[in-house]
$ cat model_29.txt   # compact mmCIF, C-alpha atoms and all ligand atoms
# COMPACT_ATOMS: atom_id res chain seq x y z
CA MET A 1366 0.00 0.00 0.00
CA GLY A 1367 3.02 2.21 0.52
CA VAL A 1368 1.76 4.02 3.61
CA THR A 1369 3.19 3.93 7.10
CA PRO A 1370 0.90 1.75 9.21
CA LYS A 1371 -0.79 3.06 12.30
CA ILE A 1372 0.48 1.54 15.54
CA ALA A 1373 -2.10 0.59 18.16
CA PRO A 1374 -0.51 -0.70 21.38
CA SER A 1375 -2.79 -3.22 23.09
CA MET A 1376 -3.43 -1.91 26.59
CA LEU A 1377 -4.07 -5.52 27.66
CA SER A 1378 -0.32 -5.78 28.18
CA SER A 1379 -0.12 -2.57 30.22
CA ASP A 1380 -0.11 -2.18 33.98
CA PHE A 1381 -3.85 -1.72 34.55
CA ALA A 1382 -3.16 -0.06 37.92
CA ASN A 1383 -1.50 2.78 35.99
CA LEU A 1384 -3.58 2.81 32.84
CA ALA A 1385 -3.52 6.57 32.19
CA SER A 1386 0.25 6.88 32.52
CA GLU A 1387 0.79 3.70 30.48
CA ALA A 1388 -1.39 5.17 27.73
CA LYS A 1389 0.53 8.43 27.83
CA ARG A 1390 3.85 6.58 27.63
CA MET A 1391 2.67 4.81 24.47
CA LEU A 1392 1.23 7.96 22.90
CA ASP A 1393 4.43 9.90 23.63
CA PHE A 1394 6.61 7.22 22.03
CA VAL A 1395 4.82 5.46 19.27
CA ALA A 1396 1.05 5.06 19.40
CA ASP A 1397 -1.42 6.40 16.86
CA TRP A 1398 -4.35 4.60 18.49
CA LEU A 1399 -4.86 2.74 21.79
CA HIS A 1400 -6.20 -0.80 21.33
CA MET A 1401 -8.62 -1.79 24.09
CA ASP A 1402 -9.43 -5.52 24.37
CA ILE A 1403 -12.86 -6.04 25.90
CA MET A 1404 -13.38 -9.69 26.91
CA ASP A 1405 -16.31 -11.10 28.85
CA GLY A 1406 -14.97 -14.45 30.10
CA HIS A 1407 -17.57 -16.19 27.93
CA PHE A 1408 -16.82 -15.51 24.26
CA VAL A 1409 -13.17 -16.04 25.24
CA PRO A 1410 -11.78 -17.59 28.43
CA ASN A 1411 -10.50 -14.28 29.81
CA LEU A 1412 -12.14 -11.32 31.49
CA THR A 1413 -10.74 -7.84 31.02
CA ILE A 1414 -12.33 -4.40 30.96
CA GLY A 1415 -15.59 -2.72 29.98
CA ALA A 1416 -17.21 0.67 29.60
CA PRO A 1417 -16.31 2.00 33.10
CA VAL A 1418 -12.60 1.65 32.34
CA ILE A 1419 -12.99 3.26 28.92
CA GLU A 1420 -14.82 6.14 30.59
CA SER A 1421 -12.02 6.59 33.13
CA LEU A 1422 -9.31 6.50 30.47
CA ARG A 1423 -11.21 8.93 28.25
CA LYS A 1424 -10.82 11.57 30.97
CA HIS A 1425 -7.04 11.41 30.44
CA THR A 1426 -6.70 11.30 26.66
CA LYS A 1427 -8.28 12.41 23.41
CA ALA A 1428 -6.67 9.46 21.56
CA PHE A 1429 -8.63 7.12 19.29
CA LEU A 1430 -9.75 4.26 21.55
CA ASP A 1431 -9.84 1.24 19.26
CA CYS A 1432 -12.14 -1.18 21.10
CA HIS A 1433 -11.95 -4.85 20.15
CA LEU A 1434 -15.00 -6.69 21.48
CA MET A 1435 -14.55 -10.35 22.34
CA VAL A 1436 -17.95 -10.76 23.93
CA THR A 1437 -21.21 -12.63 23.50
CA ASN A 1438 -23.96 -10.16 22.47
CA PRO A 1439 -21.79 -7.20 21.42
CA ILE A 1440 -24.95 -5.19 20.76
CA ASP A 1441 -25.41 -4.83 24.51
CA TYR A 1442 -22.10 -2.96 24.68
CA VAL A 1443 -22.80 -0.32 22.02
CA GLU A 1444 -24.68 2.15 24.13
CA PRO A 1445 -22.42 2.00 27.22
CA LEU A 1446 -19.25 2.19 25.14
CA GLY A 1447 -20.59 5.07 23.06
CA LYS A 1448 -21.37 6.97 26.25
CA ALA A 1449 -17.99 6.11 27.73
CA GLY A 1450 -16.15 7.70 24.81
CA ALA A 1451 -15.01 4.71 22.72
CA SER A 1452 -13.92 5.64 19.19
CA GLY A 1453 -13.85 2.33 17.30
CA PHE A 1454 -16.10 -0.67 17.93
CA THR A 1455 -14.85 -3.88 16.32
CA PHE A 1456 -17.00 -6.98 16.79
CA HIS A 1457 -16.45 -10.58 15.72
CA VAL A 1458 -18.53 -11.74 12.73
CA GLU A 1459 -22.08 -12.47 13.75
CA GLU A 1460 -25.55 -12.72 12.29
CA ASN A 1461 -27.13 -9.43 13.32
CA TRP A 1462 -24.33 -7.33 11.84
CA GLN A 1463 -26.63 -4.91 9.99
CA GLU A 1464 -28.35 -3.76 13.16
CA LEU A 1465 -25.04 -3.69 14.97
CA ILE A 1466 -23.33 -1.47 12.38
CA GLN A 1467 -26.26 0.90 12.30
CA LYS A 1468 -26.30 1.18 16.10
CA ILE A 1469 -22.53 1.67 16.35
CA LYS A 1470 -22.66 4.51 13.83
CA SER A 1471 -25.63 6.09 15.60
CA LYS A 1472 -23.42 6.37 18.69
CA ALA A 1473 -20.70 8.10 16.65
CA MET A 1474 -18.29 5.16 16.75
CA ARG A 1475 -16.43 3.59 13.85
CA PRO A 1476 -17.54 0.02 13.13
CA GLY A 1477 -15.10 -2.77 12.38
CA VAL A 1478 -15.37 -6.53 12.02
CA ALA A 1479 -12.88 -9.09 13.31
CA LEU A 1480 -11.96 -12.49 11.92
CA LYS A 1481 -10.66 -15.26 14.17
CA PRO A 1482 -8.01 -17.51 12.60
CA GLY A 1483 -10.67 -20.13 11.80
CA THR A 1484 -13.17 -17.69 10.27
CA LEU A 1485 -13.31 -17.73 6.49
CA ILE A 1486 -12.53 -14.44 4.81
CA GLU A 1487 -15.69 -14.66 2.70
CA GLU A 1488 -17.72 -14.09 5.84
CA VAL A 1489 -16.71 -10.42 6.01
CA TYR A 1490 -17.41 -9.54 2.38
CA PRO A 1491 -21.11 -8.75 2.92
CA LEU A 1492 -20.19 -6.41 5.79
CA VAL A 1493 -17.68 -4.49 3.67
CA ASP A 1494 -19.84 -4.47 0.53
CA SER A 1495 -22.96 -3.37 2.40
CA GLU A 1496 -24.54 0.06 1.76
CA ASN A 1497 -23.84 0.71 5.43
CA PRO A 1498 -20.41 -0.91 5.69
CA VAL A 1499 -17.84 -1.57 8.37
CA GLU A 1500 -14.84 0.72 8.07
CA MET A 1501 -12.18 -1.73 9.19
CA VAL A 1502 -11.46 -5.46 9.08
CA LEU A 1503 -9.34 -6.84 11.93
CA VAL A 1504 -7.48 -10.02 10.99
CA MET A 1505 -6.54 -11.97 14.09
CA THR A 1506 -3.09 -13.48 13.92
CA VAL A 1507 -3.54 -15.47 17.17
CA GLU A 1508 -6.55 -17.14 18.78
CA PRO A 1509 -8.44 -14.40 20.65
CA GLY A 1510 -8.24 -14.28 24.44
CA PHE A 1511 -4.71 -13.51 25.53
CA GLY A 1512 -1.72 -11.33 24.79
CA GLY A 1513 1.76 -12.71 24.30
CA GLN A 1514 0.96 -15.51 21.85
CA LYS A 1515 2.85 -16.52 18.73
CA PHE A 1516 2.07 -14.78 15.42
CA MET A 1517 0.41 -17.01 12.78
CA PRO A 1518 2.08 -16.09 9.45
CA GLN A 1519 -0.47 -18.12 7.46
CA MET A 1520 -3.04 -15.37 8.25
CA MET A 1521 -1.16 -13.07 5.86
CA ASP A 1522 -3.01 -14.71 2.95
CA LYS A 1523 -6.22 -13.18 4.32
CA VAL A 1524 -4.59 -9.76 4.50
CA ARG A 1525 -3.30 -10.01 0.93
CA VAL A 1526 -6.69 -11.06 -0.45
CA LEU A 1527 -8.49 -8.29 1.45
CA ARG A 1528 -6.00 -5.64 0.35
CA LYS A 1529 -6.35 -6.66 -3.28
CA LYS A 1530 -10.14 -6.62 -3.11
CA TYR A 1531 -10.40 -3.42 -1.03
CA PRO A 1532 -7.50 -1.05 -1.80
CA SER A 1533 -8.61 1.70 0.60
CA LEU A 1534 -10.04 -0.36 3.47
CA ASP A 1535 -8.45 -0.16 6.93
CA ILE A 1536 -6.99 -3.61 7.64
CA GLU A 1537 -5.76 -4.22 11.16
CA VAL A 1538 -3.70 -7.18 12.30
CA ASP A 1539 -3.76 -8.29 15.91
CA GLY A 1540 -1.69 -10.83 17.80
CA GLY A 1541 2.00 -11.57 18.11
CA LEU A 1542 3.15 -8.48 16.21
CA GLY A 1543 6.64 -7.24 16.99
CA PRO A 1544 9.92 -6.28 15.32
CA SER A 1545 10.19 -9.59 13.48
CA THR A 1546 6.60 -9.73 12.16
CA ILE A 1547 5.43 -6.14 11.62
CA GLU A 1548 7.19 -5.86 8.27
CA MET A 1549 5.53 -9.06 7.01
CA ALA A 1550 2.08 -7.74 7.98
CA ALA A 1551 2.68 -4.30 6.50
CA SER A 1552 3.93 -5.69 3.21
CA ALA A 1553 0.92 -8.02 3.00
CA GLY A 1554 -1.23 -4.87 3.16
CA ALA A 1555 -2.09 -4.25 6.81
CA ASN A 1556 -2.21 -0.54 7.64
CA CYS A 1557 -3.07 -0.80 11.36
CA ILE A 1558 -0.82 -2.86 13.60
CA VAL A 1559 -1.81 -3.92 17.11
CA ALA A 1560 1.15 -4.67 19.35
CA GLY A 1561 0.81 -5.52 23.02
CA SER A 1562 3.57 -7.51 24.67
CA SER A 1563 6.20 -6.33 22.19
CA LYS A 1564 5.56 -2.67 23.03
CA PHE A 1565 4.97 -2.96 26.77
CA GLY A 1566 7.77 -5.49 27.19
CA ALA A 1567 10.29 -3.22 25.51
CA ALA A 1568 12.36 -0.91 27.70
CA GLU A 1569 11.93 1.60 24.87
CA PRO A 1570 8.72 1.09 22.90
CA GLY A 1571 10.50 2.75 19.98
CA THR A 1572 9.85 5.94 18.13
CA GLU A 1573 9.73 4.23 14.77
CA LYS A 1574 6.28 3.74 13.25
CA CYS A 1575 7.00 0.35 11.84
O1 LIG B 1 -7.06 -9.28 20.91
C1 LIG B 1 -6.03 -9.66 21.40
C2 LIG B 1 -5.94 -11.00 22.05
O2 LIG B 1 -7.18 -11.59 22.00
C3 LIG B 1 -4.83 -8.81 21.24
O3 LIG B 1 -5.16 -7.46 21.07
C4 LIG B 1 -3.65 -9.03 22.13
O4 LIG B 1 -3.80 -8.40 23.36
C5 LIG B 1 -2.40 -8.53 21.46
O5 LIG B 1 -1.32 -8.77 22.29
P1 LIG B 1 0.10 -9.28 21.72
O6 LIG B 1 -0.15 -10.56 20.97
O7 LIG B 1 0.61 -8.20 20.82
O8 LIG B 1 0.91 -9.46 22.95
FE FE B 2 -7.25 -7.20 20.24

$ encode --input "model_29.txt" --output "structure tokens"
Amino acid sequence: MGVTPKIAPSMLSSDFANLASEAKRMLDFVADWLHMDIMDGHFVPNLTIGAPVIESLRKHTKAFLDCHLMVTNPIDYVEPLGKAGASGFTFHVEENWQELIQKIKSKAMRPGVALKPGTLIEEVYPLVDSENPVEMVLVMTVEPGFGGQKFMPQMMDKVRVLRKKYPSLDIEVDGGLGPSTIEMAASAGANCIVAGSSKFGAAEPGTEKC
């Protein structure tokens, strides 16, 4: 694509007791967006944060809060997250996507759809081709649920196919991205890179964008 990808540190790897200062540290060094993983302990076997935490963080930053919903019934989260100040609302492919997209937009958030490693790429086409489309596709490069897992390079085929079909779509990759994998994702066509453990584990998260 030839553009510098956006970097979205996953706050899941931050020190939650110091969320505001951790966010500031990332924004000062490297972050374009802050990636917020919302997990309900049901859709995935991990429980993280919800609207109250987004609301608290919003008081400390104007940054784009890129919320990745790993929950059963994401529609129940639209209103509270909209009120809390979320910027992006990315849900995993599900049947009632039309209503979901409409509701997300009505709360002034940016809708996105996420693909687990086992989800076929064809499943997102209707959501991107719709008259009321999602504005981003998130390609998961690990199984959802936890930070610090190993990048799955075979997911780059999905990124390449999506980039070819949708030249101006935002394509985000999420899971196991770091110095040795970011280049592979960017050259496949990803223009938003989520990086959790690699950024928070680094003494210096780096000033480079990619
Ligand atoms: O959505 C998820 C995990 O389900 C991610 O956003 C991870 O939190 C990314 O962390 P790293 O793999 O970069 O450590
Ligand atoms: Fe995520």

$ closest_atom_pairs --input "model_29.txt" --of "chain A" --to "ligand FE 2 (chain B)" --cutoff "7 Å" --atoms "all atoms listed in the file" --output "JSON lines"
{"residue": "A:Ser1375", "atom": "CA", "partner": "B:FE2", "partner_atom": "FE", "distance": 6.6}
{"residue": "A:His1400", "atom": "CA", "partner": "B:FE2", "partner_atom": "FE", "distance": 6.6}
{"residue": "A:Met1401", "atom": "CA", "partner": "B:FE2", "partner_atom": "FE", "distance": 6.8}
{"residue": "A:Asp1402", "atom": "CA", "partner": "B:FE2", "partner_atom": "FE", "distance": 5.0}
{"residue": "A:His1433", "atom": "CA", "partner": "B:FE2", "partner_atom": "FE", "distance": 5.3}
{"residue": "A:Asp1539", "atom": "CA", "partner": "B:FE2", "partner_atom": "FE", "distance": 5.7}

$ residues_around --input "model_29.txt" --residues "Ser1562 of chain A" --least-positions-apart "4" --cutoff "7 Å" --atoms "only C-alpha atoms" --output "JSON, numbers by chain"
{"A": [1378, 1512, 1513, 1566]}

$ residues_near_ligand --input "model_29.txt" --ligand "ligand LIG 1 (chain B)" --cutoff "10 Å" --atoms "all atoms listed in the file" --output "PyMOL selection string"
chain A and resi 1373-1379+1400-1404+1409-1411+1432-1435+1479+1481+1503-1516+1538-1543+1558-1566

$ closest_residue --input "model_29.txt" --among "A:Arg1423, A:Phe1394, A:Thr1484, A:Pro1498" --to "Lys1470 of chain A" --atoms "all atoms listed in the file"
A:Pro1498

$ atom_distance --input "model_29.txt" --atom1 "atom CA of Arg1475 of chain A" --atom2 "atom CA of Val1499 of chain A"
7.7 Å

$ closest_residue --input "model_29.txt" --among "A:Leu1384, A:Val1458, A:Leu1412, A:Met1391" --to "Leu1480 of chain A" --atoms "all atoms listed in the file"
A:Val1458

$ atom_distance --input "model_29.txt" --atom1 "atom CA of Asp1393 of chain A" --atom2 "atom CA of Phe1456 of chain A"
28.1 Å

$ residues_around --input "model_29.txt" --residues "Thr1426 of chain A" --least-positions-apart "2" --cutoff "9 Å" --atoms "only C-alpha atoms" --output "list in words"
Ala1385, Ala1388, Lys1389, Leu1422, Arg1423, Lys1424, Ala1428 and Phe1429 of chain A

$ atom_distance --input "model_29.txt" --atom1 "atom CA of Gly1450 of chain A" --atom2 "atom CA of Ser1533 of chain A"
26.1 Å

$ closest_residue --input "model_29.txt" --among "A:Leu1527, A:Ser1471, A:Pro1570, A:Gly1406" --to "Asn1556 of chain A" --atoms "all atoms listed in the file"
A:Leu1527

$ residues_around --input "model_29.txt" --residues "Glu1500 of chain A" --least-positions-apart "6" --cutoff "7 Å" --atoms "all atoms listed in the file" --output "PDB file with C-alpha atoms, in the frame of the given file"
ATOM      1  CA  ARG A1475     -16.430   3.590  13.850  1.00  0.00           C
ATOM      2  CA  PRO A1476     -17.540   0.020  13.130  1.00  0.00           C
ATOM      3  CA  GLY A1477     -15.100  -2.770  12.380  1.00  0.00           C
ATOM      4  CA  LEU A1534     -10.040  -0.360   3.470  1.00  0.00           C
ATOM      5  CA  ASP A1535      -8.450  -0.160   6.930  1.00  0.00           C
TER       6      ASP A1535
END

$ closest_residue --input "model_29.txt" --among "A:Lys1530, A:Lys1371, A:Glu1548, A:Leu1465" --to "Val1395 of chain A" --atoms "all atoms listed in the file"
A:Lys1371

$ residues_around --input "model_29.txt" --residues "Pro1417 of chain A" --least-positions-apart "5" --cutoff "9 Å" --atoms "all atoms listed in the file" --output "VMD selection string"
chain A and resid 1422 1445 to 1446 1449

$ closest_residue --input "model_29.txt" --among "A:Val1524, A:Leu1392, A:Ile1469, A:Val1443" --to "Pro1482 of chain A" --atoms "only C-alpha atoms"
A:Val1524

$ residues_around --input "model_29.txt" --residues "Lys1448 of chain A" --least-positions-apart "4" --cutoff "12 Å" --atoms "only C-alpha atoms" --output "list in words"
Gly1415, Ala1416, Pro1417, Val1418, Ile1419, Glu1420, Ser1421, Arg1423, Tyr1442, Val1443, Glu1444, Ser1452, Ile1469, Ser1471, Lys1472, Ala1473 and Met1474 of chain A

$ decode --input "model_29.txt" --residues "segment 1419-1463 of chain A" --atoms "N, CA and C atoms" --output "compact mmCIF listing (two decimals), in the first residue's frame"
# COMPACT_ATOMS: atom_id res chain seq x y z
N ILE A 1419 -13.12 2.37 30.08
CA ILE A 1419 -12.99 3.26 28.92
C ILE A 1419 -13.35 4.70 29.34
N GLU A 1420 -14.39 4.81 30.13
CA GLU A 1420 -14.82 6.14 30.59
C GLU A 1420 -13.73 6.81 31.44
N SER A 1421 -13.10 6.02 32.29
CA SER A 1421 -12.02 6.59 33.13
C SER A 1421 -10.84 7.02 32.28
N LEU A 1422 -10.46 6.17 31.32
CA LEU A 1422 -9.31 6.50 30.47
C LEU A 1422 -9.60 7.72 29.60
N ARG A 1423 -10.83 7.81 29.12
CA ARG A 1423 -11.21 8.93 28.25
C ARG A 1423 -10.98 10.28 28.92
N LYS A 1424 -11.04 10.31 30.26
CA LYS A 1424 -10.82 11.57 30.97
C LYS A 1424 -9.36 12.02 30.87
N HIS A 1425 -8.48 11.09 30.48
CA HIS A 1425 -7.04 11.41 30.44
C HIS A 1425 -6.48 11.56 29.04
N THR A 1426 -7.26 11.24 28.03
CA THR A 1426 -6.70 11.30 26.66
C THR A 1426 -7.80 11.54 25.62
N LYS A 1427 -7.37 12.22 24.55
CA LYS A 1427 -8.28 12.41 23.41
C LYS A 1427 -8.01 11.37 22.33
N ALA A 1428 -7.10 10.43 22.60
CA ALA A 1428 -6.67 9.46 21.56
C ALA A 1428 -7.83 8.60 21.07
N PHE A 1429 -7.66 8.06 19.86
CA PHE A 1429 -8.63 7.12 19.29
C PHE A 1429 -8.58 5.83 20.10
N LEU A 1430 -9.68 5.50 20.75
CA LEU A 1430 -9.75 4.26 21.55
C LEU A 1430 -10.39 3.17 20.69
N ASP A 1431 -9.52 2.28 20.24
CA ASP A 1431 -9.84 1.24 19.26
C ASP A 1431 -10.31 0.00 20.03
N CYS A 1432 -11.62 -0.10 20.25
CA CYS A 1432 -12.14 -1.18 21.10
C CYS A 1432 -12.39 -2.44 20.31
N HIS A 1433 -11.84 -3.53 20.78
CA HIS A 1433 -11.95 -4.85 20.15
C HIS A 1433 -12.80 -5.71 21.08
N LEU A 1434 -14.03 -5.99 20.64
CA LEU A 1434 -15.00 -6.69 21.48
C LEU A 1434 -14.89 -8.19 21.29
N MET A 1435 -14.53 -8.89 22.36
CA MET A 1435 -14.55 -10.35 22.34
C MET A 1435 -15.58 -10.76 23.38
N VAL A 1436 -16.84 -10.58 23.01
CA VAL A 1436 -17.95 -10.76 23.93
C VAL A 1436 -19.11 -11.45 23.22
N THR A 1437 -19.94 -12.12 24.01
CA THR A 1437 -21.21 -12.63 23.50
C THR A 1437 -22.18 -11.44 23.55
N ASN A 1438 -23.00 -11.29 22.55
CA ASN A 1438 -23.96 -10.16 22.47
C ASN A 1438 -23.29 -8.78 22.45
N PRO A 1439 -22.44 -8.52 21.47
CA PRO A 1439 -21.79 -7.20 21.42
C PRO A 1439 -22.78 -6.04 21.37
N ILE A 1440 -23.98 -6.29 20.87
CA ILE A 1440 -24.95 -5.19 20.76
C ILE A 1440 -25.25 -4.56 22.12
N ASP A 1441 -25.15 -5.36 23.17
CA ASP A 1441 -25.41 -4.83 24.51
C ASP A 1441 -24.33 -3.83 24.97
N TYR A 1442 -23.22 -3.81 24.27
CA TYR A 1442 -22.10 -2.96 24.68
C TYR A 1442 -22.08 -1.63 23.92
N VAL A 1443 -22.90 -1.51 22.88
CA VAL A 1443 -22.80 -0.32 22.02
C VAL A 1443 -23.13 0.95 22.79
N GLU A 1444 -24.26 0.94 23.43
CA GLU A 1444 -24.68 2.15 24.13
C GLU A 1444 -23.69 2.55 25.25
N PRO A 1445 -23.36 1.62 26.16
CA PRO A 1445 -22.42 2.00 27.22
C PRO A 1445 -21.06 2.44 26.69
N LEU A 1446 -20.57 1.79 25.64
CA LEU A 1446 -19.25 2.19 25.14
C LEU A 1446 -19.32 3.53 24.42
N GLY A 1447 -20.41 3.77 23.71
CA GLY A 1447 -20.59 5.07 23.06
C GLY A 1447 -20.58 6.17 24.10
N LYS A 1448 -21.30 5.97 25.16
CA LYS A 1448 -21.37 6.97 26.25
C LYS A 1448 -20.02 7.16 26.93
N ALA A 1449 -19.28 6.07 27.04
CA ALA A 1449 -17.99 6.11 27.73
C ALA A 1449 -16.90 6.82 26.93
N GLY A 1450 -17.14 6.99 25.61
CA GLY A 1450 -16.15 7.70 24.81
C GLY A 1450 -15.29 6.80 23.93
N ALA A 1451 -15.75 5.58 23.66
CA ALA A 1451 -15.01 4.71 22.72
C ALA A 1451 -15.04 5.34 21.33
N SER A 1452 -13.99 5.06 20.54
CA SER A 1452 -13.92 5.64 19.19
C SER A 1452 -14.24 4.59 18.13
N GLY A 1453 -13.61 3.43 18.24
CA GLY A 1453 -13.85 2.33 17.30
C GLY A 1453 -14.53 1.19 18.05
N PHE A 1454 -15.39 0.47 17.33
CA PHE A 1454 -16.10 -0.67 17.93
C PHE A 1454 -15.98 -1.83 16.95
N THR A 1455 -15.08 -2.75 17.23
CA THR A 1455 -14.85 -3.88 16.32
C THR A 1455 -15.39 -5.15 16.96
N PHE A 1456 -16.35 -5.77 16.27
CA PHE A 1456 -17.00 -6.98 16.79
C PHE A 1456 -16.59 -8.18 15.92
N HIS A 1457 -16.71 -9.37 16.50
CA HIS A 1457 -16.45 -10.58 15.72
C HIS A 1457 -17.69 -10.92 14.89
N VAL A 1458 -17.46 -11.44 13.69
CA VAL A 1458 -18.53 -11.74 12.73
C VAL A 1458 -19.72 -12.39 13.44
N GLU A 1459 -20.87 -11.83 13.23
CA GLU A 1459 -22.08 -12.47 13.75
C GLU A 1459 -23.29 -12.11 12.92
N GLU A 1460 -24.40 -12.82 13.20
CA GLU A 1460 -25.55 -12.72 12.29
C GLU A 1460 -26.20 -11.35 12.21
N ASN A 1461 -26.37 -10.69 13.35
CA ASN A 1461 -27.13 -9.43 13.32
C ASN A 1461 -26.24 -8.22 13.03
N TRP A 1462 -25.31 -8.39 12.09
CA TRP A 1462 -24.33 -7.33 11.84
C TRP A 1462 -24.94 -6.04 11.31
N GLN A 1463 -26.06 -6.15 10.55
CA GLN A 1463 -26.63 -4.91 9.99
C GLN A 1463 -27.12 -3.98 11.10
